[in-house]
$ cat run26.json   # JSON, C-alpha atoms
[["chain", "number", "residue", "atom", "x", "y", "z"],
["A", 1, "MET", "CA", -4.82, 25.58, -1.33],
["A", 2, "VAL", "CA", -6.89, 23.78, 1.28],
["A", 3, "VAL", "CA", -6.16, 20.11, 1.95],
["A", 4, "LEU", "CA", -9.50, 18.39, 2.24],
["A", 5, "LYS", "CA", -8.31, 14.85, 2.90],
["A", 6, "ASN", "CA", -5.18, 12.82, 3.62],
["A", 7, "ILE", "CA", -5.01, 9.17, 2.67],
["A", 8, "TYR", "CA", -1.95, 7.41, 4.08],
["A", 9, "ILE", "CA", -0.94, 4.43, 1.94],
["A", 10, "VAL", "CA", 1.11, 1.99, 4.05],
["A", 11, "ARG", "CA", 3.08, -0.97, 2.78],
["A", 12, "HIS", "CA", 3.21, -3.73, 5.38],
["A", 13, "CYS", "CA", 6.24, -4.33, 7.57],
["A", 14, "GLU", "CA", 8.90, -7.01, 7.01],
["A", 15, "ALA", "CA", 7.30, -10.45, 6.76],
["A", 16, "GLU", "CA", 8.41, -14.09, 6.71],
["A", 17, "GLY", "CA", 7.05, -14.71, 3.23],
["A", 18, "GLN", "CA", 4.50, -13.94, 0.53],
["A", 19, "SER", "CA", 1.58, -16.21, 1.47],
["A", 20, "SER", "CA", -1.59, -14.63, 2.79],
["A", 21, "ASP", "CA", -0.91, -16.02, 6.27],
["A", 22, "ALA", "CA", 2.79, -15.02, 6.42],
["A", 23, "GLN", "CA", 3.58, -13.45, 9.78],
["A", 24, "LEU", "CA", 5.76, -10.45, 10.46],
["A", 25, "THR", "CA", 9.37, -11.17, 11.34],
["A", 26, "GLU", "CA", 10.75, -10.06, 14.71],
["A", 27, "GLN", "CA", 12.02, -6.95, 12.91],
["A", 28, "GLY", "CA", 8.57, -6.53, 11.33],
["A", 29, "PHE", "CA", 6.90, -6.42, 14.75],
["A", 30, "LYS", "CA", 9.39, -3.72, 15.82],
["A", 31, "GLN", "CA", 8.56, -1.81, 12.62],
["A", 32, "ALA", "CA", 4.83, -2.06, 13.45],
["A", 33, "LEU", "CA", 5.56, -0.27, 16.72],
["A", 34, "GLN", "CA", 7.52, 2.36, 14.78],
["A", 35, "LEU", "CA", 4.48, 2.85, 12.51],
["A", 36, "SER", "CA", 2.31, 3.33, 15.58],
["A", 37, "SER", "CA", 4.73, 5.95, 16.86],
["A", 38, "PHE", "CA", 4.91, 7.63, 13.43],
["A", 39, "PHE", "CA", 1.13, 8.14, 13.39],
["A", 40, "SER", "CA", 0.85, 9.12, 17.07],
["A", 41, "ASN", "CA", 0.39, 12.84, 16.32],
["A", 42, "ILE", "CA", -2.10, 12.37, 13.47],
["A", 43, "LYS", "CA", -5.82, 12.18, 14.12],
["A", 44, "VAL", "CA", -6.68, 9.00, 12.25],
["A", 45, "ASP", "CA", -10.36, 8.51, 11.39],
["A", 46, "ARG", "CA", -10.25, 5.15, 9.61],
["A", 47, "ILE", "CA", -7.91, 2.22, 9.05],
["A", 48, "ILE", "CA", -8.54, -0.09, 6.09],
["A", 49, "SER", "CA", -6.31, -3.12, 5.56],
["A", 50, "SER", "CA", -5.61, -6.00, 3.25],
["A", 51, "PRO", "CA", -6.87, -9.24, 4.82],
["A", 52, "TYR", "CA", -3.33, -10.67, 4.68],
["A", 53, "GLU", "CA", -1.92, -11.37, 8.13],
["A", 54, "ARG", "CA", 1.25, -9.29, 7.61],
["A", 55, "ALA", "CA", -0.80, -6.20, 6.72],
["A", 56, "ILE", "CA", -3.10, -6.54, 9.74],
["A", 57, "GLN", "CA", -0.17, -7.18, 12.09],
["A", 58, "SER", "CA", 1.60, -4.10, 10.69],
["A", 59, "ILE", "CA", -1.20, -1.74, 11.72],
["A", 60, "HIS", "CA", -2.58, -3.57, 14.75],
["A", 61, "PRO", "CA", -0.50, -1.69, 17.38],
["A", 62, "LEU", "CA", -1.78, 1.66, 16.07],
["A", 63, "ALA", "CA", -5.38, 0.49, 15.83],
["A", 64, "GLU", "CA", -5.19, -0.79, 19.38],
["A", 65, "GLN", "CA", -3.59, 2.45, 20.62],
["A", 66, "LEU", "CA", -6.28, 4.56, 18.92],
["A", 67, "ASN", "CA", -9.10, 2.13, 19.66],
["A", 68, "ILE", "CA", -10.05, 2.08, 15.97],
["A", 69, "GLU", "CA", -11.41, -1.02, 14.28],
["A", 70, "ILE", "CA", -9.38, -2.26, 11.33],
["A", 71, "GLU", "CA", -11.70, -2.52, 8.34],
["A", 72, "ILE", "CA", -10.71, -5.46, 6.12],
["A", 73, "ASP", "CA", -11.03, -5.04, 2.36],
["A", 74, "GLY", "CA", -10.20, -7.89, -0.01],
["A", 75, "LYS", "CA", -9.51, -5.40, -2.81],
["A", 76, "LEU", "CA", -6.24, -4.55, -1.01],
["A", 77, "THR", "CA", -4.64, -8.01, -1.32],
["A", 78, "GLU", "CA", -1.36, -8.26, -3.18],
["A", 79, "ARG", "CA", -1.54, -8.55, -6.91],
["A", 80, "VAL", "CA", -1.08, -12.07, -8.27],
["A", 81, "LEU", "CA", 1.40, -11.94, -11.13],
["A", 82, "SER", "CA", 0.85, -15.62, -11.96],
["A", 83, "THR", "CA", -0.26, -18.82, -10.29],
["A", 84, "ILE", "CA", 2.69, -20.69, -11.77],
["A", 85, "THR", "CA", 6.31, -20.21, -10.71],
["A", 86, "ILE", "CA", 8.10, -17.74, -12.96],
["A", 87, "SER", "CA", 11.89, -17.78, -12.62],
["A", 88, "ASP", "CA", 12.33, -14.34, -14.24],
["A", 89, "TRP", "CA", 9.38, -12.81, -12.38],
["A", 90, "LYS", "CA", 11.07, -9.41, -11.93],
["A", 91, "ASP", "CA", 11.49, -9.05, -15.70],
["A", 92, "LYS", "CA", 7.86, -10.10, -16.17],
["A", 93, "LEU", "CA", 6.73, -7.62, -13.52],
["A", 94, "ARG", "CA", 8.69, -4.82, -15.23],
["A", 95, "THR", "CA", 6.89, -5.66, -18.48],
["A", 96, "THR", "CA", 3.49, -5.32, -16.78],
["A", 97, "PHE", "CA", 4.28, -1.71, -15.91],
["A", 98, "GLU", "CA", 4.88, -1.06, -19.61],
["A", 99, "ASP", "CA", 1.90, -3.11, -20.88],
["A", 100, "VAL", "CA", -0.81, -2.66, -18.24],
["A", 101, "GLU", "CA", -3.12, -5.19, -19.94],
["A", 102, "LEU", "CA", -0.52, -8.00, -19.98],
["A", 103, "LYS", "CA", -1.52, -11.08, -17.96],
["A", 104, "PHE", "CA", 0.34, -14.24, -17.10],
["A", 105, "GLU", "CA", -1.23, -17.61, -16.34],
["A", 106, "GLY", "CA", -3.65, -17.29, -13.43],
["A", 107, "GLY", "CA", -2.60, -13.72, -12.69],
["A", 108, "GLU", "CA", -4.14, -10.32, -13.10],
["A", 109, "SER", "CA", -3.00, -7.43, -15.23],
["A", 110, "SER", "CA", -1.61, -4.21, -13.77],
["A", 111, "GLN", "CA", -4.79, -2.50, -14.93],
["A", 112, "GLU", "CA", -7.04, -4.97, -13.09],
["A", 113, "ALA", "CA", -4.99, -4.70, -9.89],
["A", 114, "LYS", "CA", -4.87, -0.90, -10.13],
["A", 115, "GLU", "CA", -8.65, -0.75, -10.50],
["A", 116, "ARG", "CA", -9.04, -2.66, -7.21],
["A", 117, "ILE", "CA", -7.01, -0.25, -5.08],
["A", 118, "VAL", "CA", -8.29, 2.84, -6.89],
["A", 119, "ALA", "CA", -11.84, 1.69, -6.04],
["A", 120, "VAL", "CA", -10.91, 1.64, -2.34],
["A", 121, "VAL", "CA", -9.30, 5.08, -2.56],
["A", 122, "GLU", "CA", -12.27, 6.52, -4.48],
["A", 123, "GLU", "CA", -14.60, 5.25, -1.74],
["A", 124, "VAL", "CA", -12.45, 7.02, 0.85],
["A", 125, "PHE", "CA", -12.46, 10.20, -1.26],
["A", 126, "ASN", "CA", -16.25, 10.18, -1.00],
["A", 127, "ASP", "CA", -16.61, 9.44, 2.73],
["A", 128, "VAL", "CA", -16.52, 11.93, 5.60],
["A", 129, "SER", "CA", -13.19, 10.89, 7.10],
["A", 130, "LYS", "CA", -10.34, 13.39, 6.89],
["A", 131, "ASN", "CA", -7.37, 11.10, 7.64],
["A", 132, "THR", "CA", -7.52, 7.47, 6.53],
["A", 133, "ILE", "CA", -4.81, 4.81, 6.58],
["A", 134, "ILE", "CA", -4.88, 2.11, 3.88],
["A", 135, "VAL", "CA", -2.55, -0.86, 4.49],
["A", 136, "THR", "CA", -1.60, -2.88, 1.44],
["A", 137, "HIS", "CA", 1.29, -4.48, -0.46],
["A", 138, "GLY", "CA", 4.15, -3.19, -2.58],
["A", 139, "ASN", "CA", 2.94, -3.95, -6.08],
["A", 140, "LEU", "CA", -0.57, -2.67, -5.42],
["A", 141, "MET", "CA", 0.80, 0.44, -3.73],
["A", 142, "SER", "CA", 3.06, 1.19, -6.71],
["A", 143, "LEU", "CA", 0.16, 0.74, -9.14],
["A", 144, "LEU", "CA", -1.90, 3.21, -7.11],
["A", 145, "LEU", "CA", 0.90, 5.79, -7.15],
["A", 146, "ASN", "CA", 1.28, 5.19, -10.89],
["A", 147, "ASN", "CA", -2.40, 6.08, -11.25],
["A", 148, "TYR", "CA", -1.59, 9.61, -10.06],
["A", 149, "ASN", "CA", 1.85, 9.93, -11.65],
["A", 150, "LYS", "CA", 2.69, 7.76, -14.66],
["A", 151, "SER", "CA", 6.42, 8.12, -13.97],
["A", 152, "PHE", "CA", 6.04, 5.96, -10.84],
["A", 153, "GLY", "CA", 6.68, 2.53, -12.33],
["A", 154, "PHE", "CA", 8.84, -0.54, -11.87],
["A", 155, "ASP", "CA", 11.79, 1.46, -10.48],
["A", 156, "GLY", "CA", 9.47, 3.12, -7.97],
["A", 157, "TRP", "CA", 8.26, -0.32, -6.90],
["A", 158, "GLN", "CA", 11.86, -1.53, -6.49],
["A", 159, "ASN", "CA", 12.64, 1.45, -4.25],
["A", 160, "LEU", "CA", 9.76, 0.78, -1.84],
["A", 161, "THR", "CA", 10.72, -0.38, 1.64],
["A", 162, "ASN", "CA", 8.99, -2.54, 4.25],
["A", 163, "PRO", "CA", 7.26, -0.65, 5.70],
["A", 164, "ASP", "CA", 6.70, 2.40, 3.55],
["A", 165, "ILE", "CA", 4.27, 5.31, 3.76],
["A", 166, "TYR", "CA", 3.00, 7.70, 1.13],
["A", 167, "VAL", "CA", 0.32, 10.29, 1.71],
["A", 168, "LEU", "CA", -2.22, 11.16, -0.95],
["A", 169, "LYS", "CA", -3.41, 14.71, -0.41],
["A", 170, "VAL", "CA", -6.76, 15.54, -1.86],
["A", 171, "ASN", "CA", -7.42, 19.23, -2.32],
["A", 172, "ASP", "CA", -9.25, 21.59, -4.64],
["A", 173, "ASN", "CA", -6.48, 21.11, -7.25],
["A", 174, "GLY", "CA", -6.77, 17.30, -7.34],
["A", 175, "VAL", "CA", -4.59, 14.56, -5.88],
["A", 176, "THR", "CA", -0.88, 14.77, -5.09],
["A", 177, "TYR", "CA", 1.33, 12.35, -3.18],
["A", 178, "LYS", "CA", 4.50, 12.46, -1.14],
["A", 179, "ARG", "CA", 6.68, 9.81, 0.48],
["A", 180, "LEU", "CA", 6.73, 10.17, 4.27],
["A", 181, "TRP", "CA", 8.70, 7.13, 5.38],
["A", 182, "ASN", "CA", 12.41, 6.67, 5.31],
["A", 183, "LYS", "CA", 14.35, 3.71, 6.61],
["A", 184, "ASP", "CA", 15.70, 5.82, 9.49],
["A", 185, "ASN", "CA", 12.24, 6.50, 11.01]]
$ encode --input "run26.json" --output "structure tokens"
Amino acid sequence: MVVLKNIYIVRHCEAEGQSSDAQLTEQGFKQALQLSSFFSNIKVDRIISSPYERAIQSIHPLAEQLNIEIEIDGKLTERVLSTITISDWKDKLRTTFEDVELKFEGGESSQEAKERIVAVVEEVFNDVSKNTIIVTHGNLMSLLLNNYNKSFGFDGWQNLTNPDIYVLKVNDNGVTYKRLWNKDN
């Protein structure tokens, strides 16, 4: 089996909050350096990131080290569950993994969010790059992994770390994925 392409899906490092302009914490900046070190022996062709500050800051040290421009793609922003405050949001989120069309006020369904990140990945499948890094957010990352393995659901999302890395391997047999990051990296 020949691996034709590797797409590294990266969840941003520890941040101060959930807003689009939330910065990395002091620990998050240290994690960004760890990410840079993690990728130091991989020939990276492209880096595509969510426009959120915490995602860009997470990959900036590596992009600078490799002298690669970070491509910003709005389709990689975190999924909006709702625009109103939901006290039992984790229960609601769990439900959206079971009913992918379910939407809450002002939010998007799991299916809609999944289609956004899958569109980015499909574009990468069709380009010439061999090793691409995509930097995104936990819920969107889990929906992408669910696209390739339906058993990756709410529990998989809960087990993600900040940061986290999965690699999608594209070969002649299709797409597989594997977790590469562990908290001891």
$ closest_residue --input "run26.json" --among "A:Gln31, A:Ile70, A:Leu81, A:Ala22" --to "Thr161 of chain A" --atoms "all atoms listed in the file"
A:Gln31
$ atom_distance --input "run26.json" --atom1 "atom CA of Asp127 of chain A" --atom2 "atom CA of Leu140 of chain A"
21.7 Å
$ atom_distance --input "run26.json" --atom1 "atom CA of Gln23 of chain A" --atom2 "atom CA of Glu69 of chain A"
20.0 Å
$ closest_residue --input "run26.json" --among "A:Asn131, A:Thr83, A:Asn139, A:Ser151" --to "Glu98 of chain A" --atoms "all atoms listed in the file"
A:Ser151
$ residues_near_point --input "run26.json" --point "(-8.3, 3.3, 4.8)" --cutoff "6 Å" --atoms "only C-alpha atoms" --output "tab-separated table (two decimals) with C-alpha atoms, keeping the file's coordinate frame"
chain	number	residue	atom	x	y	z
A	46	ARG	CA	-10.25	5.15	9.61
A	47	ILE	CA	-7.91	2.22	9.05
A	48	ILE	CA	-8.54	-0.09	6.09
A	132	THR	CA	-7.52	7.47	6.53
A	133	ILE	CA	-4.81	4.81	6.58
A	134	ILE	CA	-4.88	2.11	3.88
$ closest_residue --input "run26.json" --among "A:Trp157, A:Glu108, A:Lys90, A:Lys43" --to "Asn67 of chain A" --atoms "all atoms listed in the file"
A:Lys43
$ closest_residue --input "run26.json" --among "A:Phe38, A:Glu71, A:Gln111, A:Gly106" --to "Thr85 of chain A" --atoms "only C-alpha atoms"
A:Gly106
$ residues_around --input "run26.json" --residues "Tyr148 of chain A" --least-positions-apart "3" --cutoff "10 Å" --atoms "all atoms listed in the file" --output "ChimeraX atom specification"
/A:143-145,151-152,168,174-177
$ residues_around --input "run26.json" --residues "Val167 of chain A" --least-positions-apart "4" --cutoff "7 Å" --atoms "only C-alpha atoms" --output "list in words"
Asn6, Ile7, Tyr8, Ile9, Tyr177, Lys178, Arg179 and Leu180 of chain A
$ atom_distance --input "run26.json" --atom1 "atom CA of Asn41 of chain A" --atom2 "atom CA of Leu66 of chain A"
10.9 Å
$ axis_aligned_box --input "run26.json" --around "segment 85-96 of chain A" --padding-each-side "6 Å" --output "AutoDock Vina command-line options"
--center_x 7.9 --center_y -12.5 --center_z -14.6 --size_x 20.8 --size_y 27.4 --size_z 19.8
